[in-house]
$ cat my_file_36.csv   # CSV, C-alpha atoms
chain,number,residue,atom,x,y,z
A,1,MET,CA,0.0,0.0,0.0
A,2,PRO,CA,1.9,3.1,-1.2
A,3,ILE,CA,1.7,6.0,1.3
A,4,TYR,CA,4.9,8.0,0.5
A,5,LEU,CA,3.9,10.8,-1.9
A,6,ARG,CA,6.9,12.5,-3.5
A,7,GLU,CA,6.7,16.2,-4.3
A,8,PRO,CA,6.3,16.7,-8.1
A,9,ALA,CA,9.5,18.0,-9.8
A,10,PRO,CA,9.2,21.6,-11.0
A,11,ALA,CA,8.8,22.1,-14.7
A,12,PRO,CA,12.3,22.5,-16.3
A,13,ARG,CA,11.2,25.5,-18.4
A,14,GLY,CA,9.9,27.5,-15.5
A,15,PRO,CA,6.4,28.8,-14.7
A,16,ASP,CA,6.1,30.7,-17.9
A,17,ARG,CA,7.5,27.8,-20.0
A,18,LYS,CA,10.1,30.2,-21.6
A,19,GLY,CA,13.0,29.4,-19.3
A,20,TRP,CA,12.1,31.9,-16.6
A,21,ASN,CA,13.9,30.5,-13.5
A,22,ARG,CA,14.5,33.4,-11.1
A,23,LEU,CA,14.1,32.9,-7.4
A,24,SER,CA,11.5,34.9,-5.5
A,25,LEU,CA,12.5,36.7,-2.3
A,26,ASN,CA,9.9,34.7,-0.4
A,27,ALA,CA,10.9,31.4,-1.8
A,28,HIS,CA,10.2,28.5,0.6
A,29,GLY,CA,12.3,25.8,-1.0
A,30,GLY,CA,9.3,23.5,-1.7
A,31,ILE,CA,6.7,21.8,0.4
A,32,GLY,CA,8.3,18.3,0.5
A,33,ALA,CA,7.0,14.8,0.4
A,34,GLN,CA,3.6,14.0,1.9
A,35,CYS,CA,2.0,11.0,3.7
A,36,ALA,CA,-1.2,9.4,2.3
A,37,LEU,CA,-2.3,8.6,5.9
A,38,ARG,CA,-2.4,12.3,6.8
A,39,PRO,CA,-5.3,13.8,4.8
A,40,ARG,CA,-6.1,17.5,5.2
A,41,ARG,CA,-9.5,17.7,3.4
A,42,TRP,CA,-12.5,15.5,2.5
A,43,GLY,CA,-11.2,14.7,-0.9
A,44,ALA,CA,-7.8,13.5,0.5
A,45,LEU,CA,-9.6,11.5,3.1
A,46,LEU,CA,-11.5,9.7,0.3
A,47,GLU,CA,-8.2,9.0,-1.4
A,48,SER,CA,-6.7,7.7,1.9
A,49,GLN,CA,-9.2,4.9,1.9
A,50,ASP,CA,-7.3,3.3,-1.0
A,51,THR,CA,-3.9,5.0,-1.1
A,52,ARG,CA,-3.2,3.7,-4.6
A,53,ARG,CA,-5.3,6.6,-5.9
A,54,ALA,CA,-3.7,9.2,-3.5
A,55,ARG,CA,-2.2,12.2,-5.1
A,56,TRP,CA,0.4,14.7,-3.7
A,57,GLY,CA,-1.1,18.0,-2.5
A,58,GLY,CA,-3.9,17.2,-0.1
A,59,PHE,CA,-2.0,15.6,2.7
A,60,GLY,CA,0.3,16.4,5.6
A,61,ARG,CA,4.1,16.4,5.4
A,62,CYS,CA,6.0,13.1,5.6
A,63,ILE,CA,7.7,13.0,9.0
A,64,GLY,CA,9.8,9.8,8.4
A,65,ARG,CA,11.8,10.8,5.3
A,66,GLY,CA,10.3,7.9,3.4
A,67,GLN,CA,11.0,5.3,6.0
A,68,CYS,CA,7.5,4.1,6.3
A,69,ASP,CA,8.1,0.8,8.2
A,70,ALA,CA,9.2,2.6,11.4
A,71,CYS,CA,6.9,5.6,11.1
A,72,PRO,CA,4.6,6.3,14.1
A,73,VAL,CA,1.9,7.5,11.7
A,74,LEU,CA,1.7,4.0,10.1
A,75,GLU,CA,1.9,2.3,13.5
A,76,ALA,CA,-1.1,4.4,14.8
A,77,TRP,CA,-3.1,3.7,11.6
A,78,ARG,CA,-2.5,-0.1,12.2
A,79,GLY,CA,-3.2,-0.2,15.9
A,80,GLN,CA,-5.2,2.8,17.1
A,81,CYS,CA,-8.6,2.6,15.4
A,82,THR,CA,-10.9,5.6,16.0
A,83,VAL,CA,-14.2,4.8,17.6
A,84,VAL,CA,-17.3,6.8,16.3
A,85,PRO,CA,-18.9,8.1,19.5
A,86,VAL,CA,-22.6,7.9,18.3
A,87,ASN,CA,-25.0,5.1,18.0
A,88,ALA,CA,-26.7,5.9,14.7
A,89,PRO,CA,-26.8,4.4,11.2
A,90,ARG,CA,-24.9,7.5,9.9
A,91,ALA,CA,-23.0,10.3,11.4
A,92,LEU,CA,-22.3,13.8,10.2
A,93,VAL,CA,-18.8,15.1,10.8
A,94,ARG,CA,-18.6,18.9,10.8
A,95,ILE,CA,-15.4,20.6,9.8
A,96,GLU,CA,-14.4,23.6,11.9
A,97,PRO,CA,-11.5,25.8,10.8
A,98,VAL,CA,-9.2,27.0,13.5
A,99,PHE,CA,-7.5,30.4,13.1
A,100,ALA,CA,-4.3,31.6,14.8
A,101,PRO,CA,-4.7,34.7,17.1
A,102,ASN,CA,-4.4,38.1,15.5
A,103,THR,CA,-4.7,36.9,11.9
A,104,LEU,CA,-6.7,38.8,9.4
A,105,VAL,CA,-5.9,37.6,5.9
A,106,THR,CA,-4.2,34.2,6.3
A,107,GLY,CA,-6.1,30.9,6.1
A,108,PRO,CA,-6.9,28.6,8.9
A,109,ALA,CA,-4.1,27.2,11.0
A,110,GLY,CA,-5.8,23.8,11.3
A,111,TYR,CA,-9.2,22.1,11.6
A,112,ARG,CA,-11.3,20.4,14.2
A,113,LEU,CA,-13.7,17.7,13.3
A,114,TRP,CA,-16.9,17.3,15.3
A,115,VAL,CA,-18.9,14.0,15.2
A,116,THR,CA,-22.7,14.6,15.3
A,117,THR,CA,-25.8,12.5,14.8
A,118,GLY,CA,-27.0,14.9,12.0
A,119,PRO,CA,-27.7,18.5,11.0
A,120,SER,CA,-30.0,19.0,14.0
A,121,ASP,CA,-27.5,17.8,16.6
A,122,SER,CA,-26.4,21.0,18.5
A,123,ASN,CA,-24.7,19.4,21.5
A,124,TYR,CA,-21.7,17.9,19.7
A,125,ARG,CA,-19.2,20.2,21.4
A,126,THR,CA,-19.4,18.1,24.5
A,127,ARG,CA,-17.6,15.3,22.6
A,128,GLN,CA,-13.9,15.1,21.9
A,129,PRO,CA,-13.0,16.6,18.6
A,130,TRP,CA,-11.1,14.7,15.9
A,131,THR,CA,-8.1,15.5,13.7
A,132,TRP,CA,-8.0,14.6,10.1
A,133,GLU,CA,-5.7,11.7,11.0
A,134,ASP,CA,-8.3,10.4,13.5
A,135,ALA,CA,-10.8,10.3,10.7
A,136,ALA,CA,-8.4,8.3,8.5
A,137,ARG,CA,-8.3,5.6,11.3
A,138,VAL,CA,-12.0,4.9,11.4
A,139,ARG,CA,-12.9,1.2,10.7
A,140,GLY,CA,-16.2,-0.3,9.8
A,141,TRP,CA,-17.8,2.9,8.5
A,142,THR,CA,-18.0,4.0,4.8
A,143,LEU,CA,-17.0,7.5,3.9
A,144,GLY,CA,-20.1,9.3,2.5
A,145,PRO,CA,-20.6,12.4,0.5
A,146,ALA,CA,-19.6,15.9,1.5
A,147,TYR,CA,-22.1,18.2,3.2
A,148,VAL,CA,-22.6,21.9,3.3
A,149,ASP,CA,-25.2,24.0,5.2
A,150,GLU,CA,-25.4,27.5,6.7
A,151,HIS,CA,-23.1,26.4,9.6
A,152,GLY,CA,-20.2,25.2,7.4
A,153,GLU,CA,-18.9,22.1,5.7
A,154,GLY,CA,-18.8,18.5,6.7
A,155,PHE,CA,-19.1,15.0,5.4
A,156,TRP,CA,-21.2,11.8,6.2
A,157,LEU,CA,-20.0,8.5,7.6
A,158,GLU,CA,-22.2,5.4,7.0
A,159,ARG,CA,-22.2,2.6,9.5
A,160,THR,CA,-21.7,-0.9,8.1
A,161,ALA,CA,-22.3,-4.4,9.6
A,162,LEU,CA,-18.5,-4.7,10.3
A,163,VAL,CA,-18.9,-2.9,13.6
A,164,PRO,CA,-21.5,-3.3,16.4
A,165,ALA,CA,-23.5,-0.4,17.8
A,166,GLN,CA,-21.5,1.5,20.4
A,167,SER,CA,-24.0,1.2,23.3
A,168,CYS,CA,-24.9,-2.4,22.7
A,169,VAL,CA,-23.1,-5.2,24.7
A,170,MET,CA,-23.5,-8.7,23.2
A,171,GLY,CA,-23.0,-12.1,24.8
A,172,THR,CA,-23.1,-15.6,23.5
A,173,HIS,CA,-24.0,-18.8,25.4
A,174,THR,CA,-23.5,-22.1,23.6
A,175,ARG,CA,-25.2,-25.4,24.5
A,176,ALA,CA,-25.3,-28.8,22.8
A,177,SER,CA,-28.5,-28.2,20.9
A,178,PHE,CA,-28.7,-24.4,20.7
A,179,THR,CA,-26.9,-21.1,20.9
A,180,ARG,CA,-28.2,-17.9,22.4
A,181,HIS,CA,-27.0,-14.3,21.7
A,182,THR,CA,-28.0,-11.7,24.2
A,183,PHE,CA,-28.1,-7.9,23.4
A,184,ARG,CA,-28.0,-5.5,26.3
A,185,VAL,CA,-28.2,-1.7,26.3
A,186,ALA,CA,-27.6,0.1,29.6
A,187,ARG,CA,-27.5,-3.3,31.3
A,188,ARG,CA,-31.0,-4.1,30.1
A,189,ARG,CA,-31.7,-7.0,27.8
A,190,VAL,CA,-33.3,-5.6,24.6
A,191,ALA,CA,-33.0,-8.6,22.3
A,192,LEU,CA,-32.3,-12.3,22.3
A,193,LEU,CA,-31.4,-14.4,19.2
A,194,HIS,CA,-31.9,-18.2,19.7
A,195,CYS,CA,-30.2,-20.4,17.1
A,196,SER,CA,-31.2,-24.0,16.8
A,197,GLY,CA,-28.2,-26.3,16.5
A,198,GLU,CA,-25.1,-24.6,15.2
A,199,CYS,CA,-25.3,-21.0,14.2
A,200,ARG,CA,-25.7,-20.4,10.5
A,201,HIS,CA,-24.6,-16.8,10.5
A,202,ASP,CA,-21.5,-14.8,11.2
A,203,ALA,CA,-20.7,-11.8,13.5
A,204,GLN,CA,-22.1,-9.4,10.9
A,205,LEU,CA,-25.7,-10.5,11.7
A,206,LEU,CA,-25.1,-9.7,15.4
A,207,ASN,CA,-23.7,-6.3,14.5
A,208,ALA,CA,-26.7,-5.6,12.2
A,209,ILE,CA,-29.2,-6.5,14.9
A,210,SER,CA,-27.3,-4.2,17.4
A,211,HIS,CA,-27.7,-1.3,15.0
A,212,ALA,CA,-31.5,-1.7,15.2
A,213,CYS,CA,-31.5,-1.9,19.0
A,214,PRO,CA,-33.0,1.1,20.9
A,215,GLY,CA,-30.6,3.6,22.4
A,216,ARG,CA,-29.8,4.0,26.1
A,217,GLN,CA,-32.8,6.3,26.8
A,218,ASP,CA,-35.3,3.8,25.3
A,219,ALA,CA,-33.9,0.6,26.8
A,220,ASN,CA,-36.4,-0.6,29.4
A,221,GLU,CA,-38.6,-3.5,30.5
A,222,GLN,CA,-41.9,-1.9,29.6
A,223,ARG,CA,-44.6,-3.0,27.1
A,224,VAL,CA,-43.7,-2.9,23.4
A,225,PRO,CA,-45.5,-0.1,21.6
A,226,VAL,CA,-46.5,-2.1,18.5
A,227,ARG,CA,-49.8,-4.1,18.3
A,228,TRP,CA,-50.7,-7.4,16.8
A,229,SER,CA,-52.4,-5.7,13.8
A,230,GLN,CA,-48.9,-4.5,12.8
A,231,ALA,CA,-47.5,-8.0,12.6
A,232,GLU,CA,-48.0,-8.5,8.9
A,233,PRO,CA,-46.3,-5.2,7.7
A,234,MET,CA,-43.3,-6.0,10.0
A,235,THR,CA,-42.9,-9.6,8.7
A,236,PRO,CA,-39.9,-10.0,6.4
A,237,PRO,CA,-40.7,-11.7,3.0
A,238,PRO,CA,-39.7,-15.3,2.5
A,239,THR,CA,-36.3,-16.1,0.9
A,240,GLU,CA,-34.3,-19.2,0.0
A,241,GLY,CA,-36.7,-21.7,1.4
A,242,ILE,CA,-37.1,-19.7,4.7
A,243,ARG,CA,-40.3,-18.0,5.7
A,244,PHE,CA,-40.8,-15.7,8.7
A,245,HIS,CA,-43.5,-15.3,11.3
A,246,VAL,CA,-44.0,-12.3,13.6
A,247,ASP,CA,-45.7,-12.8,17.0
A,248,VAL,CA,-46.5,-9.6,18.9
A,249,GLN,CA,-47.0,-10.1,22.6
A,250,PRO,CA,-47.5,-7.4,25.4
A,251,MET,CA,-43.9,-7.4,26.5
A,252,SER,CA,-42.0,-8.6,23.4
A,253,VAL,CA,-42.0,-9.2,19.7
A,254,LYS,CA,-40.8,-12.6,18.3
A,255,ILE,CA,-39.5,-13.0,14.8
A,256,THR,CA,-39.2,-16.7,13.9
A,257,ALA,CA,-37.4,-18.0,10.8
A,258,LEU,CA,-39.0,-21.3,9.6
A,259,GLU,CA,-37.5,-23.7,7.1
A,260,SER,CA,-39.5,-26.1,5.0
A,261,GLY,CA,-41.3,-28.6,7.3
A,262,ARG,CA,-42.0,-25.8,9.9
A,263,SER,CA,-38.7,-26.3,11.7
A,264,GLY,CA,-37.5,-23.2,13.3
A,265,CYS,CA,-33.8,-22.4,12.6
A,266,ALA,CA,-33.7,-19.0,14.4
A,267,ARG,CA,-35.9,-16.9,16.7
A,268,LEU,CA,-35.3,-13.2,17.5
A,269,THR,CA,-37.1,-11.9,20.5
A,270,LEU,CA,-37.2,-8.1,21.1
A,271,TYR,CA,-38.0,-6.6,24.5
A,272,GLY,CA,-39.1,-3.1,25.8
A,273,SER,CA,-40.9,0.0,24.7
A,274,GLY,CA,-38.0,1.2,22.5
A,275,TRP,CA,-38.9,-1.3,19.7
A,276,THR,CA,-40.9,0.8,17.3
A,277,ALA,CA,-42.3,-0.7,14.1
A,278,GLU,CA,-39.4,0.8,12.1
A,279,LEU,CA,-36.8,-0.8,14.4
A,280,VAL,CA,-38.6,-4.2,14.4
A,281,ARG,CA,-38.6,-4.1,10.6
A,282,ALA,CA,-34.9,-3.3,10.6
A,283,ALA,CA,-34.1,-6.2,12.9
A,284,GLY,CA,-36.2,-8.6,10.8
A,285,GLU,CA,-34.6,-7.5,7.5
A,286,ALA,CA,-31.1,-8.0,9.1
A,287,LEU,CA,-32.1,-11.5,10.1
A,288,ARG,CA,-33.5,-12.3,6.6
A,289,ALA,CA,-30.5,-10.9,4.7
A,290,HIS,CA,-28.0,-12.9,6.7
A,291,LEU,CA,-29.9,-16.2,6.8
A,292,ALA,CA,-30.4,-15.9,3.0
A,293,ASN,CA,-26.6,-15.9,2.5
A,294,THR,CA,-25.9,-19.0,4.5
$ encode --input "my_file_36.csv" --output "structure tokens"
Amino acid sequence: MPIYLREPAPAPRGPDRKGWNRLSLNAHGGIGAQCALRPRRWGALLESQDTRRARWGGFGRCIGRGQCDACPVLEAWRGQCTVVPVNAPRALVRIEPVFAPNTLVTGPAGYRLWVTTGPSDSNYRTRQPWTWEDAARVRGWTLGPAYVDEHGEGFWLERTALVPAQSCVMGTHTRASFTRHTFRVARRRVALLHCSGECRHDAQLLNAISHACPGRQDANEQRVPVRWSQAEPMTPPPTEGIRFHVDVQPMSVKITALESGRSGCARLTLYGSGWTAELVRAAGEALRAHLANT
């Protein structure tokens, strides 16, 4: 993975392409090589996701003189993954320019990146700000499009099933004939996945279910807000010889995956008043999508 970006050589015929080669009184001697793991804007952050397409100009200076193997920037990229501090399917990262004191005409001295849950989130300054290098070390999130509003610039991050929801704690208990996966938010059980026999899914199903789980404020042991009349709209469509049944009870919602012959291969039980119809559908779709691929 190439990360050392050499400074382009100056044109031999000068800037006017007629041989003009005089030195300016404010010559700085060049900017130097850059590192593809040190983006300085959204476009460079996009290029840093696959450094084979990274181009010199949008990144920070190389601090290791091309010796990448012993570079602390590369070591941090390998071992210090940045955690996105919000439990949401997507996060809006706002870009705040930072200016040096007593400057009038110069550009920003740097930038602070603030992670928010969306344009309406106004309490994001209580969180720890990121640097551009922190953003380059995010794992399990897809870099989305740029964003601009009356407050400034930013960009979106889209959560994938490669990472669990931040506030959800998952536990697995294996027995001879079944396996149970427990999902807890704020120490309260909000979901239980019962797999008959050996599990037919990978960790991505558990992560996908955790994304649908209610947040800390909605995790409780109260009645579910959905009713039995909403069971049909919340039922996932059949796929690959598996059909689904949704049973709405006062304190829970059960989504059962049935194979041919009415044998149940998996049962997902959802607890508490945080499970709205939209979240139940999201959990059911996650179960359907991952069982269909096994």
$ atom_distance --input "my_file_36.csv" --atom1 "atom CA of Trp42 of chain A" --atom2 "atom CA of Pro129 of chain A"
16.1 Å
$ atom_distance --input "my_file_36.csv" --atom1 "atom CA of Asn220 of chain A" --atom2 "atom CA of His173 of chain A"
22.4 Å
$ closest_residue --input "my_file_36.csv" --among "A:Arg137, A:Arg53, A:Arg40, A:Arg243" --to "Ala109 of chain A" --atoms "only C-alpha atoms"
A:Arg40
$ closest_residue --input "my_file_36.csv" --among "A:Pro39, A:Pro237, A:Pro85, A:Gly144" --to "Tyr111 of chain A" --atoms "all atoms listed in the file"
A:Pro39
$ residues_around --input "my_file_36.csv" --residues "Thr256 of chain A" --least-positions-apart "6" --cutoff "7 Å" --atoms "only C-alpha atoms" --output "count of residues only"
7
